[in-house]
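Have a look at the structure below before the remarks.
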Amino acid sequence: MGIGATAGVAAVGGIALSANASDSKTSSSSSSDALVFDPDAYTKLTKTITDTEGTEHKVVYHFWKAITYVAKPVDATYQSLIVSSPVEIDGKAVDASNAPILFANSVGGYLPASVATATEVGGGGSAMGGGAAPSGAPTGSAAPSASASASAAAPGANGNTNATGGATSSNQLLALAAGYVVIEPGARGRTLKDSSGEYYGTAPAAIVDLKAAVRYVKSNKGRIPGNVERIVSAGTSAGGALSSLLGASGDSPIYDKYLKEIGAADASDAIFATGAWCPITDLEHADGAYEWNWGGNDLSTGKLVDQTVSKALQAQFAEYQAGLKLRGLGGFGPLSARNLDEYMVEQYLEPSATTYLAALSDSARETYLKANTFITWSGGKATFTWADFLTHVGARKKDTPAFDAFDLSAGENNEFGAGTTLARHFTAYGAKNDSTGLSSKRVASDIPAKLDLMNPMHHLVEKVNPNRSKHWWIRLGTKDSDTSLTVAANLAARLDNLGDDVNHIYYWDEGHGANTDPGDFITWIAQVTGHKAKRTK
């Protein structure tokens with residue numbers, strides 16, 4: 001699969017999640033009030049959640065099973081959301097009426113994500129199998145099982161990555177235990193196809209659905225739990241891209257016709273803050289960025305990719321990077337393809353390695369440094385060169401082009417499919433070098449507009465959106481070669497240049513989907529939203 005192959009956000013590994021149900025309440029809605037949230041239609045559940053310090057917390061919460069968030073769903077199996085709101089933590093009553101809302105998507109690979117059968121918090125998942133449910137399939141929820149216990153502590157190296165979605169499931173559990181409201185939306189994805197062979201989940205379906213879900217939440221202010229003006233999005237990989245896009249594009253009019261088509265609520269879709277892990281985004285420039293970063297690294301087979309293609313794409317990226325006119329964080333100055341390597345090392349990679357090494361015991365640090373002699377450790381700081389870092393990472397994950405594959409085999413080609421066409425080129429270079437014989441050698445006329453709909457940089461560079469999120473949490477692993485390390489760095493730089501609050505670091509030696517500081521993310525939410533938990537005996 002051509003996309004960051006793991007799902008959106010990493011689930012808590014090795015823990016059976018279940019719930020104890022009691023005090024179930026139900027209600028029905030007519031079509032006339034289909035977008036009105038019923039505050040009484042919840043099930044009361046109990047879950048024991050272990051935080052990042054290893055402390056267990058007994059959380060009693062209200063759970064609302066799948067609710068369709070649009071009046072005219074294309075497929076309610078995916079266009080639905082679940083809500084979890086804490087009412088008691090460790091025996092103390094909690095008032096979550098004004099708590100931040102963690103809006104956690106589980107999209108991975110731009111594939112469909114559904115909460116239709118979810119029975120508890122963290123129940124969302126990406127449909128990695130790709131099978132399409134019938135259009136308009138009913139939503140529902142299986143009966144809760146007997147008990148609930150889950151660990152939300154960060155698992156170590158890549159322990160937060162699996163194939164069905166959720167860095168956010170650890171985020172979701174920790175958020176609930178912190179007294180936040182957790183809302184998990186489903187969304188259509190690229191593999192969905194109706195009985196006539198039409199694809200109905202390709203771009204821009206996923207972002208339109210997430211926006212519609214936000215509108216549903218905001219239109220139900222005072223009925224749905226939580227502070228609808230303090231929505232914090234979260235997602236990983238393609239889900240991280242969508243989270244970034246959701247944050248960047250708040251209330252942009254270019255989505256209005258799509259939202260009207262599905263009967264979205266008449267409300268704002270702007271969100272307060274954005275969390276994004278390894279966002280697979282800026283797709284029309286991702287091939288060049290990938291070659292700039294990983295062009296000299298062998299594939300896992302030991303072979304070097306076609307260097308003619310790689311160098312042509314690097315040249316395209318250099319032109320794009322110059323056109324962004326970005327200034328680096330930390331007073332670095334103007335960024336270009338010529339100094340990005342220096343910037344990445346100074347701003348992100350050396351600090352990442354330093355943090356990692358400083359946290360080791362003396363003996364563990366000595367062992368690591370003996371095995372990784374390219375690092376100089378002096379005065380409590382790690383230093384090294386970009387070239388040595390690339391050698392340390394080793395094999396690149398993707399061939400070239402990484403995203404707009406000449407043979408239309410990448411997941412992103414499918415993301416820009418349309419009608420009954422499974423996959424299409426979305427860059428001029430990819431179309432010109434098409435190897436399938438199925439392409440006209442030109443990008444289809446609707447592609448440029450769809451790229452704008454799918455790229456947060458459009459809303460930050462080409463048409464700066466005043467309604468974007470102003471608080472950003474961006475994370476990825478230093479060994480993540482699912483995309484270029486510069487994609488997140490450019491996103492962060494642009495946001496910083498616009499004056500936004502940006503918290504952006506890289507996890508040393510971690511790969512795709514890593515989330516090694518979920519507890520810090522939960523603390524950050526409280527800080528940026530100004531939330532103070534209300535608990536009573």
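The chains in the structure tokens are called A, B, ... from first to last as shown; in each chain the residues are counted from 1, and the ligands are counted from 1 in the order shown.
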Counting only C-alpha atoms, what are the residues of stretch 386-435 of chain A within 9 Å of stretch 456-480 of chain A, and for each of them which pair of atoms is the nearest and at what distance in Å, to one decimal? Sort the table by chain and rising number, as a tab-separated table.
```
residue	atom	partner	partner_atom	distance
A:His392	CA	A:Lys479	CA	8.8
A:Val393	CA	A:Lys479	CA	5.6
A:Gly394	CA	A:Lys479	CA	8.5
A:Arg396	CA	A:Asp480	CA	8.8
A:Lys397	CA	A:Asp480	CA	8.5
```
With all heavy atoms retained, export the selected residues as a CSV table (one decimal), in the first residue's frame.
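As written to disk, part_35.csv reads:
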```csv
chain,number,residue,atom,x,y,z
A,392,HIS,N,22.0,5.8,9.4
A,392,HIS,CA,21.5,5.2,10.6
A,392,HIS,C,20.0,4.7,10.4
A,392,HIS,O,19.7,3.6,10.8
A,392,HIS,CB,21.5,6.2,11.7
A,392,HIS,CG,20.8,5.8,13.0
A,392,HIS,ND1,21.3,4.7,13.8
A,392,HIS,CD2,19.7,6.3,13.6
A,392,HIS,CE1,20.5,4.6,14.8
A,392,HIS,NE2,19.5,5.5,14.7
A,393,VAL,N,19.2,5.5,9.7
A,393,VAL,CA,17.8,5.1,9.4
A,393,VAL,C,17.8,3.8,8.5
A,393,VAL,O,17.0,2.9,8.8
A,393,VAL,CB,17.1,6.2,8.7
A,393,VAL,CG1,15.7,5.7,8.3
A,393,VAL,CG2,16.9,7.4,9.7
A,394,GLY,N,18.6,3.8,7.5
A,394,GLY,CA,18.7,2.6,6.7
A,394,GLY,C,17.7,2.6,5.5
A,394,GLY,O,17.4,3.7,4.9
A,396,ARG,N,14.8,2.8,2.9
A,396,ARG,CA,13.6,3.6,2.7
A,396,ARG,C,12.4,2.6,2.5
A,396,ARG,O,12.5,1.5,2.0
A,396,ARG,CB,13.7,4.5,1.5
A,396,ARG,CG,14.1,3.8,0.2
A,396,ARG,CD,14.3,4.7,-0.9
A,396,ARG,NE,13.1,5.2,-1.6
A,396,ARG,CZ,13.1,6.2,-2.4
A,396,ARG,NH1,14.3,6.9,-2.7
A,396,ARG,NH2,12.0,6.6,-3.0
A,397,LYS,N,11.2,3.1,2.9
A,397,LYS,CA,10.0,2.2,2.8
A,397,LYS,C,9.4,2.1,1.4
A,397,LYS,O,8.9,1.1,1.0
A,397,LYS,CB,8.9,2.7,3.8
A,397,LYS,CG,7.7,1.7,3.8
A,397,LYS,CD,6.8,2.1,5.0
A,397,LYS,CE,5.7,1.1,5.1
A,397,LYS,NZ,4.8,1.4,6.2
```
Requested in this report: Give the strand (DSSP E or B) residues of stretch 355-428 of chain A, as DSSP finds them on the backbone, and put them as a list in words.
Outcome: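 Written out, the strand (DSSP E or B) residues of stretch 355-428 of chain A are Thr376, Trp377, Ser378, Lys381, Ala382, Thr383, Ala418 and Thr421 of chain A.
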Requested in this report: From a DSSP calculation on the backbone, collect every residue of stretch 114-361 of chain A in helix (DSSP H, G or I) and output the set as an MDAnalysis selection string.
Outcome: chainID A and resid 168:177 205:219 238:248 253:261 283:294 307:324 329:331 340:358
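Omitting A:Lys311 and its sequence neighbours fewer than 4 positions away, and counting only C-alpha atoms, the residues within 8 Å are Glu291, Gly295, Gln307 and Ala315 of chain A.
Take atom CA of A:Ala66 and atom CA of A:Asp40: the distance between them is 14.1 Å.
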Report task. Would you mind reading off the distance between atom CA of A:Lys58 and atom CA of A:Pro86, one decimal, in Å? Result -> 10.4 Å
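Taking atom CA of A:Ala206 and atom CA of A:Leu242 as endpoints, the distance between them is 7.7 Å.
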